[in-house]
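J.: Below is run_31.tsv; it holds TSV, C-alpha atoms.
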```tsv
chain	number	residue	atom	x	y	z
A	10	MET	CA	14.38	21.26	-11.23
A	11	ILE	CA	13.24	17.81	-12.36
A	12	LYS	CA	10.03	16.54	-10.83
A	13	GLU	CA	9.61	12.87	-9.99
A	14	THR	CA	6.99	11.12	-12.06
A	15	LYS	CA	4.36	8.62	-11.00
A	16	GLU	CA	4.94	4.95	-10.34
A	17	LYS	CA	4.52	2.38	-13.07
A	18	ILE	CA	4.15	-1.39	-12.88
A	19	PRO	CA	6.37	-3.77	-14.89
A	20	LYS	CA	3.44	-4.72	-17.13
A	21	ASP	CA	3.27	-1.10	-18.37
A	22	SER	CA	6.56	-1.47	-20.24
A	23	TYR	CA	6.60	-5.19	-21.07
A	24	VAL	CA	7.80	-6.00	-24.60
A	25	GLU	CA	7.57	-9.18	-26.67
A	26	THR	CA	9.23	-9.31	-30.08
A	27	ARG	CA	9.77	-12.04	-32.64
A	28	GLU	CA	12.26	-12.60	-35.45
A	29	MET	CA	12.91	-15.50	-37.80
A	30	VAL	CA	16.45	-16.88	-37.92
A	31	LEU	CA	17.65	-16.41	-41.50
A	32	PRO	CA	20.85	-17.74	-43.12
A	33	ASN	CA	22.70	-14.45	-42.61
A	34	ASP	CA	22.01	-14.73	-38.84
A	35	THR	CA	23.71	-18.12	-38.40
A	36	ASN	CA	27.12	-19.65	-37.93
A	37	LEU	CA	28.51	-22.64	-39.85
A	38	LEU	CA	26.46	-25.01	-37.69
A	39	GLY	CA	23.19	-23.31	-38.62
A	40	ASN	CA	22.81	-21.81	-35.14
A	41	LEU	CA	21.92	-18.20	-34.39
A	42	LEU	CA	25.08	-16.13	-33.94
A	43	GLY	CA	25.67	-15.01	-30.37
A	44	GLY	CA	26.40	-11.45	-31.50
A	45	ARG	CA	23.13	-11.28	-33.44
A	46	LEU	CA	21.26	-12.52	-30.37
A	47	LEU	CA	22.96	-9.90	-28.17
A	48	HIS	CA	21.88	-7.21	-30.64
A	49	LEU	CA	18.25	-8.36	-30.45
A	50	ILE	CA	18.41	-8.62	-26.65
A	51	ASP	CA	19.75	-5.07	-26.36
A	52	ILE	CA	17.00	-3.69	-28.61
A	53	ALA	CA	14.23	-5.47	-26.66
A	54	GLY	CA	15.67	-4.27	-23.35
A	55	ALA	CA	16.03	-0.70	-24.61
A	56	MET	CA	12.40	-0.69	-25.73
A	57	VAL	CA	11.31	-1.63	-22.21
A	58	ALA	CA	13.48	1.04	-20.59
A	59	SER	CA	12.33	3.68	-23.09
A	60	LYS	CA	8.67	2.79	-22.54
A	61	HIS	CA	9.10	3.05	-18.78
A	62	SER	CA	11.04	6.31	-18.80
A	63	ASN	CA	9.58	7.94	-21.92
A	64	LYS	CA	13.18	8.90	-22.69
A	65	ILE	CA	16.06	7.87	-24.92
A	66	VAL	CA	18.14	5.30	-23.05
A	67	ALA	CA	21.73	4.11	-23.18
A	68	THR	CA	22.96	0.63	-22.32
A	69	VAL	CA	25.09	0.69	-19.18
A	70	SER	CA	25.80	-3.00	-18.73
A	71	ILE	CA	24.91	-6.53	-19.62
A	72	ASP	CA	25.36	-8.41	-16.36
A	73	ASN	CA	25.08	-11.89	-17.75
A	74	VAL	CA	23.79	-13.88	-20.67
A	75	ASN	CA	23.18	-17.59	-20.32
A	76	PHE	CA	23.31	-19.69	-23.48
A	77	LYS	CA	21.42	-22.91	-22.66
A	78	GLU	CA	20.25	-24.06	-26.09
A	79	PRO	CA	20.93	-22.95	-29.66
A	80	ILE	CA	18.26	-21.40	-31.86
A	81	LYS	CA	18.41	-22.94	-35.33
A	82	LEU	CA	18.05	-21.62	-38.86
A	83	GLY	CA	14.35	-21.22	-39.70
A	84	GLU	CA	13.22	-21.07	-36.09
A	85	ILE	CA	11.52	-18.06	-34.56
A	86	ILE	CA	13.24	-16.10	-31.81
A	87	ILE	CA	10.86	-14.85	-29.12
A	88	LEU	CA	12.20	-12.16	-26.79
A	89	ARG	CA	10.16	-11.31	-23.69
A	90	ALA	CA	11.53	-8.31	-21.82
A	91	VAL	CA	10.37	-6.91	-18.50
A	92	LEU	CA	11.56	-4.22	-16.12
A	93	VAL	CA	12.80	-5.68	-12.82
A	94	ARG	CA	14.40	-2.73	-11.00
A	95	VAL	CA	14.49	1.06	-11.17
A	96	GLY	CA	16.95	3.49	-9.58
A	97	ARG	CA	17.00	7.27	-9.93
A	98	SER	CA	17.91	7.20	-13.63
A	99	SER	CA	18.79	3.55	-14.20
A	100	MET	CA	16.57	0.60	-15.09
A	101	ASP	CA	17.32	-3.13	-14.99
A	102	VAL	CA	15.62	-5.33	-17.56
A	103	LEU	CA	15.31	-9.12	-17.75
A	104	VAL	CA	15.10	-10.50	-21.28
A	105	ARG	CA	14.04	-14.13	-21.69
A	106	ILE	CA	14.70	-15.71	-25.06
A	107	TYR	CA	12.80	-18.61	-26.57
A	108	GLY	CA	13.21	-20.59	-29.75
A	109	GLU	CA	10.09	-21.76	-31.56
A	110	ASN	CA	10.34	-24.62	-34.02
A	111	THR	CA	7.86	-23.71	-36.75
A	112	MET	CA	7.51	-27.33	-37.88
A	113	THR	CA	6.61	-28.80	-34.49
A	114	GLY	CA	5.34	-25.70	-32.65
A	115	LYS	CA	7.63	-26.56	-29.73
A	116	ILE	CA	8.87	-23.52	-27.79
A	117	ILE	CA	11.91	-23.79	-25.50
A	118	ASN	CA	13.65	-21.25	-23.26
A	119	THR	CA	17.11	-20.94	-24.76
A	120	ASN	CA	18.65	-17.93	-23.08
A	121	SER	CA	18.20	-15.14	-20.57
A	122	ALA	CA	19.97	-11.85	-19.95
A	123	PHE	CA	19.97	-8.98	-17.49
A	124	LEU	CA	20.75	-5.49	-18.76
A	125	THR	CA	20.96	-2.02	-17.23
A	126	TYR	CA	19.98	1.18	-19.02
A	127	VAL	CA	20.08	4.83	-18.05
A	128	ALA	CA	17.50	7.40	-19.16
A	129	LEU	CA	18.90	10.53	-20.81
A	130	ASP	CA	17.51	14.04	-21.00
A	131	ASP	CA	17.75	16.36	-24.01
A	132	ASP	CA	21.38	17.16	-23.11
A	133	GLN	CA	22.21	13.43	-22.92
A	134	LYS	CA	22.58	13.60	-19.14
A	135	PRO	CA	21.03	11.03	-16.78
A	136	THR	CA	17.51	11.98	-15.76
A	137	LEU	CA	14.96	10.76	-13.23
A	138	VAL	CA	12.64	7.92	-14.20
A	139	PRO	CA	9.28	6.82	-12.79
A	140	ARG	CA	9.47	4.56	-9.77
A	141	LEU	CA	8.61	0.89	-10.14
A	142	LYS	CA	5.60	-0.45	-8.26
A	143	ILE	CA	6.12	-4.09	-7.36
A	144	THR	CA	2.82	-6.00	-7.28
A	145	THR	CA	3.71	-9.72	-7.28
A	146	GLU	CA	6.04	-12.08	-5.43
A	147	GLU	CA	7.87	-12.84	-8.69
A	148	GLU	CA	8.44	-9.12	-9.32
A	149	GLN	CA	9.76	-8.77	-5.75
A	150	LYS	CA	12.14	-11.71	-6.29
A	151	TYR	CA	13.55	-10.20	-9.48
A	152	PHE	CA	13.83	-6.78	-7.81
A	153	GLU	CA	15.88	-8.24	-4.94
A	154	GLU	CA	18.09	-10.21	-7.34
A	155	ALA	CA	18.67	-7.05	-9.41
A	156	ASN	CA	19.75	-5.19	-6.27
A	157	LYS	CA	22.29	-7.94	-5.54
A	158	ARG	CA	23.63	-7.78	-9.13
A	159	LYS	CA	23.94	-3.99	-8.88
A	160	LYS	CA	25.83	-4.24	-5.59
A	161	LYS	CA	28.19	-6.85	-7.05
A	162	ARG	CA	28.69	-4.79	-10.22
A	163	LEU	CA	29.55	-1.68	-8.18
A	164	GLU	CA	32.02	-3.67	-6.06
A	165	THR	CA	33.88	-4.91	-9.14
A	166	ASP	CA	33.92	-1.60	-11.07
A	167	ASP	CA	37.34	0.04	-11.18
```
Starting from the coordinates I provided, produce the structure as structure tokens.
T.:
Amino acid sequence: MIKETKEKIPKDSYVETREMVLPNDTNLLGNLLGGRLLHLIDIAGAMVASKHSNKIVATVSIDNVNFKEPIKLGEIIILRAVLVRVGRSSMDVLVRIYGENTMTGKIINTNSAFLTYVALDDDQKPTLVPRLKITTEEEQKYFEEANKRKKKRLETDD
């Protein structure tokens, strides 16, 4: 029998990572490739889910990714990932992406994404994760939005 674990707050599993955009990461326009960005987003989100659950996690879905601005060759990618919702074994993570121009120091929000992960036990079966303790209005807002995305996702699944 699996015992439930204690509650954790989103700050407990928060992750911020940085990468520099190199020539191999760009398209012909000198912009970060979308696929490369998705790879980095998935890694940042998985780190958050793993930290929260203390388990290996698998990506279940990427609900949406918004591409607002390109990140250019030589700029720094900043990924800030935070847990926004927890189910029995699933976890929803918001990843915000920023581009930092190293010449000017200007940082702009370029993208955001919502991802869902599931925690796996030693037999690679879904397993219980700690509950999420919501402590701020912003956390509550993201939690409610994540519940709406989950409901919509379940309605459209075949």
J.: Identify which of the residues A:Ser22, A:Val102, A:Pro79, A:Pro139 lies closest to Asn36 (chain A), counting all atoms listed in the file when measuring atom-to-atom distances.
T.: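 The shortest atom-to-atom distance to Asn36 (chain A) comes from A:Pro79.
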J.: What is the distance between CA of Glu154 (chain A) and CA of Phe123 (chain A), in Å to one decimal?
T.: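 About the pair CA of Glu154 (chain A) and CA of Phe123 (chain A): they are 10.4 Å apart.
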J.: Let me make sure I understand: among A:Arg94, A:Ile143, A:Lys77, A:Arg105, which one has the smallest atom-to-atom distance to Val24 (chain A) if we use all atoms listed in the file?
T.: A:Arg105
J.: Rounded to one decimal, what separation in Å do you get between CA of Lys157 (chain A) and CA of Met56 (chain A)?
T.: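 Answer for the CA of Lys157 (chain A) to CA of Met56 (chain A) separation: 23.6 Å.
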J.: Can you find the residues with an atom no farther than 12 Å from (14.1, -12.6, -22.9), counting only C-alpha atoms, and report them as a ChimeraX atom specification?
T.: /A:23-27,46-47,49-54,57,74-76,86-92,102-108,117-124
J.: Grab the CA of Glu147 (chain A) to CA of Glu16 (chain A) distance for me, in Å with one decimal place.
T.: 18.1 Å
J.: Which residues come within 10 Å of Ala67 (chain A), counting all atoms listed in the file, excluding same-chain residues fewer than 2 positions away, as a list of chain:residue names?
T.: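 Near Ala67 (chain A), the qualifying residues are A:Asp51, A:Ala55, A:Ala58, A:Ser59, A:Lys64, A:Ile65, A:Val69, A:Ser70, A:Ser99, A:Thr125, A:Tyr126, A:Val127, A:Ala128, A:Leu129, A:Gln133, A:Pro135.
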J.: Which neighbours of Lys15 (chain A) fall inside 12 Å, counting all atoms listed in the file, when residues of the same chain fewer than 4 positions from it are skipped, and could you give them as a list of chain:residue names?
T.: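 Here the qualifying residues turn out to be A:His61, A:Ser62, A:Leu137, A:Val138, A:Pro139, A:Arg140, A:Leu141, A:Lys142.
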J.: Just write the chosen residues, C-alpha atoms, as a PDB file, in the coordinates of the input.
T.:
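Written file, out-v4.pdb:
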```pdb
ATOM      1  CA  HIS A  61       9.100   3.050 -18.780  1.00  0.00           C
ATOM      2  CA  SER A  62      11.040   6.310 -18.800  1.00  0.00           C
ATOM      3  CA  LEU A 137      14.960  10.760 -13.230  1.00  0.00           C
ATOM      4  CA  VAL A 138      12.640   7.920 -14.200  1.00  0.00           C
ATOM      5  CA  PRO A 139       9.280   6.820 -12.790  1.00  0.00           C
ATOM      6  CA  ARG A 140       9.470   4.560  -9.770  1.00  0.00           C
ATOM      7  CA  LEU A 141       8.610   0.890 -10.140  1.00  0.00           C
ATOM      8  CA  LYS A 142       5.600  -0.450  -8.260  1.00  0.00           C
TER       9      LYS A 142
END
```
J.: Name the closest residue to Met29 (chain A) among the candidates A:Ile71, A:Ile80, A:Ile85, A:Val66; distances are taken between atoms, counting all atoms listed in the file.
T.: A:Ile85
J.: Identify, on the basis of all atoms listed in the file, every residue whose closest approach to Asn110 (chain A) does not exceed 8 Å; exclude the query and any residue fewer than 3 positions from it along the same chain; express the result as a ChimeraX atom specification.
T.: /A:83-85,113-116
J.: Closest to Glu153 (chain A) among A:Ile18, A:Met112, A:Met100, A:Val93, using all atoms listed in the file?
T.: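 Nearest to Glu153 (chain A): A:Val93.
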J.: Given the choices A:Asp72, A:Tyr151, A:Glu109, A:Thr145, which gets closest to Leu163 (chain A) if the distance is worked out from all atoms listed in the file?
T.: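 Closest to Leu163 (chain A), using all atoms listed in the file: A:Asp72.
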J.: For region 88-99 of chain A, what centre and edge lengths in Å (one decimal) does the axis-aligned box get once 5 Å is added on each side of all its listed atoms, as lines of an AutoDock Vina configuration file?
T.:
```
center_x = 14.5
center_y = -2.4
center_z = -18.2
size_x = 18.6
size_y = 29.4
size_z = 27.2
```
J.: Give me region 111-140 of chain A from this structure - N, CA, C and O atoms, as an mmCIF file, in the first residue's frame.
T.:
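New file result_30.cif:
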```cif
data_model
loop_
_atom_site.group_PDB
_atom_site.id
_atom_site.type_symbol
_atom_site.label_atom_id
_atom_site.label_comp_id
_atom_site.auth_asym_id
_atom_site.auth_seq_id
_atom_site.Cartn_x
_atom_site.Cartn_y
_atom_site.Cartn_z
ATOM 1 N N THR A 111 22.570 39.879 -24.187
ATOM 2 C CA THR A 111 23.775 40.062 -23.372
ATOM 3 C C THR A 111 24.454 41.407 -23.627
ATOM 4 O O THR A 111 25.225 41.858 -22.794
ATOM 5 N N MET A 112 24.161 42.037 -24.735
ATOM 6 C CA MET A 112 24.774 43.337 -25.040
ATOM 7 C C MET A 112 24.067 44.481 -24.321
ATOM 8 O O MET A 112 24.701 45.431 -23.865
ATOM 9 N N THR A 113 22.734 44.373 -24.221
ATOM 10 C CA THR A 113 21.965 45.465 -23.619
ATOM 11 C C THR A 113 21.489 45.139 -22.198
ATOM 12 O O THR A 113 21.111 46.042 -21.459
ATOM 13 N N GLY A 114 21.466 43.835 -21.861
ATOM 14 C CA GLY A 114 20.943 43.417 -20.563
ATOM 15 C C GLY A 114 19.427 43.333 -20.527
ATOM 16 O O GLY A 114 18.852 42.952 -19.513
ATOM 17 N N LYS A 115 18.773 43.672 -21.638
ATOM 18 C CA LYS A 115 17.310 43.648 -21.688
ATOM 19 C C LYS A 115 16.804 42.206 -21.662
ATOM 20 O O LYS A 115 17.300 41.345 -22.389
ATOM 21 N N ILE A 116 15.796 41.959 -20.804
ATOM 22 C CA ILE A 116 15.181 40.642 -20.686
ATOM 23 C C ILE A 116 13.713 40.773 -21.063
ATOM 24 O O ILE A 116 13.008 41.636 -20.535
ATOM 25 N N ILE A 117 13.262 39.921 -22.020
ATOM 26 C CA ILE A 117 11.857 39.953 -22.421
ATOM 27 C C ILE A 117 11.245 38.555 -22.314
ATOM 28 O O ILE A 117 11.920 37.553 -22.553
ATOM 29 N N ASN A 118 9.969 38.512 -21.935
ATOM 30 C CA ASN A 118 9.229 37.243 -21.917
ATOM 31 C C ASN A 118 8.898 36.884 -23.355
ATOM 32 O O ASN A 118 8.219 37.640 -24.047
ATOM 33 N N THR A 119 9.404 35.761 -23.817
ATOM 34 C CA THR A 119 9.228 35.368 -25.212
ATOM 35 C C THR A 119 8.218 34.259 -25.414
ATOM 36 O O THR A 119 7.607 34.159 -26.467
ATOM 37 N N ASN A 120 8.056 33.409 -24.415
ATOM 38 C CA ASN A 120 7.219 32.236 -24.563
ATOM 39 C C ASN A 120 6.699 31.783 -23.206
ATOM 40 O O ASN A 120 7.238 32.164 -22.172
ATOM 41 N N SER A 121 5.692 30.918 -23.258
ATOM 42 C CA SER A 121 5.245 30.218 -22.058
ATOM 43 C C SER A 121 4.651 28.884 -22.494
ATOM 44 O O SER A 121 4.237 28.725 -23.650
ATOM 45 N N ALA A 122 4.656 27.931 -21.567
ATOM 46 C CA ALA A 122 4.126 26.605 -21.888
ATOM 47 C C ALA A 122 3.580 25.952 -20.622
ATOM 48 O O ALA A 122 4.087 26.191 -19.525
ATOM 49 N N PHE A 123 2.558 25.120 -20.814
ATOM 50 C CA PHE A 123 2.008 24.316 -19.736
ATOM 51 C C PHE A 123 2.208 22.844 -20.094
ATOM 52 O O PHE A 123 1.883 22.439 -21.209
ATOM 53 N N LEU A 124 2.749 22.094 -19.161
ATOM 54 C CA LEU A 124 3.033 20.680 -19.393
ATOM 55 C C LEU A 124 2.484 19.850 -18.243
ATOM 56 O O LEU A 124 2.380 20.336 -17.119
ATOM 57 N N THR A 125 2.170 18.590 -18.538
ATOM 58 C CA THR A 125 1.716 17.658 -17.515
ATOM 59 C C THR A 125 2.660 16.464 -17.490
ATOM 60 O O THR A 125 3.028 15.932 -18.542
ATOM 61 N N TYR A 126 3.016 16.067 -16.272
ATOM 62 C CA TYR A 126 3.903 14.922 -16.048
ATOM 63 C C TYR A 126 3.206 13.945 -15.121
ATOM 64 O O TYR A 126 2.326 14.325 -14.349
ATOM 65 N N VAL A 127 3.625 12.695 -15.171
ATOM 66 C CA VAL A 127 3.153 11.694 -14.224
ATOM 67 C C VAL A 127 4.367 11.083 -13.538
ATOM 68 O O VAL A 127 5.393 10.834 -14.184
ATOM 69 N N ALA A 128 4.256 10.888 -12.224
ATOM 70 C CA ALA A 128 5.329 10.270 -11.447
ATOM 71 C C ALA A 128 5.227 8.754 -11.588
ATOM 72 O O ALA A 128 4.133 8.182 -11.571
ATOM 73 N N LEU A 129 6.393 8.106 -11.716
ATOM 74 C CA LEU A 129 6.429 6.658 -11.909
ATOM 75 C C LEU A 129 7.166 5.967 -10.768
ATOM 76 O O LEU A 129 8.181 6.480 -10.280
ATOM 77 N N ASP A 130 6.663 4.799 -10.395
ATOM 78 C CA ASP A 130 7.335 4.019 -9.360
ATOM 79 C C ASP A 130 8.429 3.167 -9.999
ATOM 80 O O ASP A 130 8.720 3.312 -11.196
ATOM 81 N N ASP A 131 9.000 2.247 -9.232
ATOM 82 C CA ASP A 131 10.102 1.423 -9.735
ATOM 83 C C ASP A 131 9.679 0.483 -10.855
ATOM 84 O O ASP A 131 10.517 -0.005 -11.616
ATOM 85 N N ASP A 132 8.380 0.212 -10.961
ATOM 86 C CA ASP A 132 7.854 -0.644 -12.033
ATOM 87 C C ASP A 132 7.312 0.181 -13.206
ATOM 88 O O ASP A 132 6.595 -0.332 -14.046
ATOM 89 N N GLN A 133 7.618 1.469 -13.186
ATOM 90 C CA GLN A 133 7.168 2.418 -14.215
ATOM 91 C C GLN A 133 5.649 2.526 -14.285
ATOM 92 O O GLN A 133 5.072 2.740 -15.352
ATOM 93 N N LYS A 134 5.023 2.420 -13.127
ATOM 94 C CA LYS A 134 3.575 2.601 -13.000
ATOM 95 C C LYS A 134 3.327 3.922 -12.288
ATOM 96 O O LYS A 134 4.120 4.339 -11.433
ATOM 97 N N PRO A 135 2.219 4.612 -12.603
ATOM 98 C CA PRO A 135 1.910 5.863 -11.906
ATOM 99 C C PRO A 135 1.870 5.653 -10.393
ATOM 100 O O PRO A 135 1.392 4.626 -9.913
ATOM 101 N N THR A 136 2.377 6.642 -9.668
ATOM 102 C CA THR A 136 2.436 6.554 -8.219
ATOM 103 C C THR A 136 2.016 7.883 -7.595
ATOM 104 O O THR A 136 2.105 8.927 -8.245
ATOM 105 N N LEU A 137 1.553 7.821 -6.362
ATOM 106 C CA LEU A 137 1.093 9.024 -5.669
ATOM 107 C C LEU A 137 2.209 10.041 -5.501
ATOM 108 O O LEU A 137 3.375 9.669 -5.322
ATOM 109 N N VAL A 138 1.811 11.309 -5.541
ATOM 110 C CA VAL A 138 2.768 12.400 -5.332
ATOM 111 C C VAL A 138 2.286 13.270 -4.171
ATOM 112 O O VAL A 138 1.098 13.247 -3.822
ATOM 113 N N PRO A 139 3.198 14.035 -3.569
ATOM 114 C CA PRO A 139 2.772 14.937 -2.494
ATOM 115 C C PRO A 139 1.718 15.927 -2.988
ATOM 116 O O PRO A 139 1.728 16.341 -4.150
ATOM 117 N N ARG A 140 0.827 16.289 -2.098
ATOM 118 C CA ARG A 140 -0.177 17.302 -2.439
ATOM 119 C C ARG A 140 0.506 18.656 -2.581
ATOM 120 O O ARG A 140 1.621 18.861 -2.104
#
```
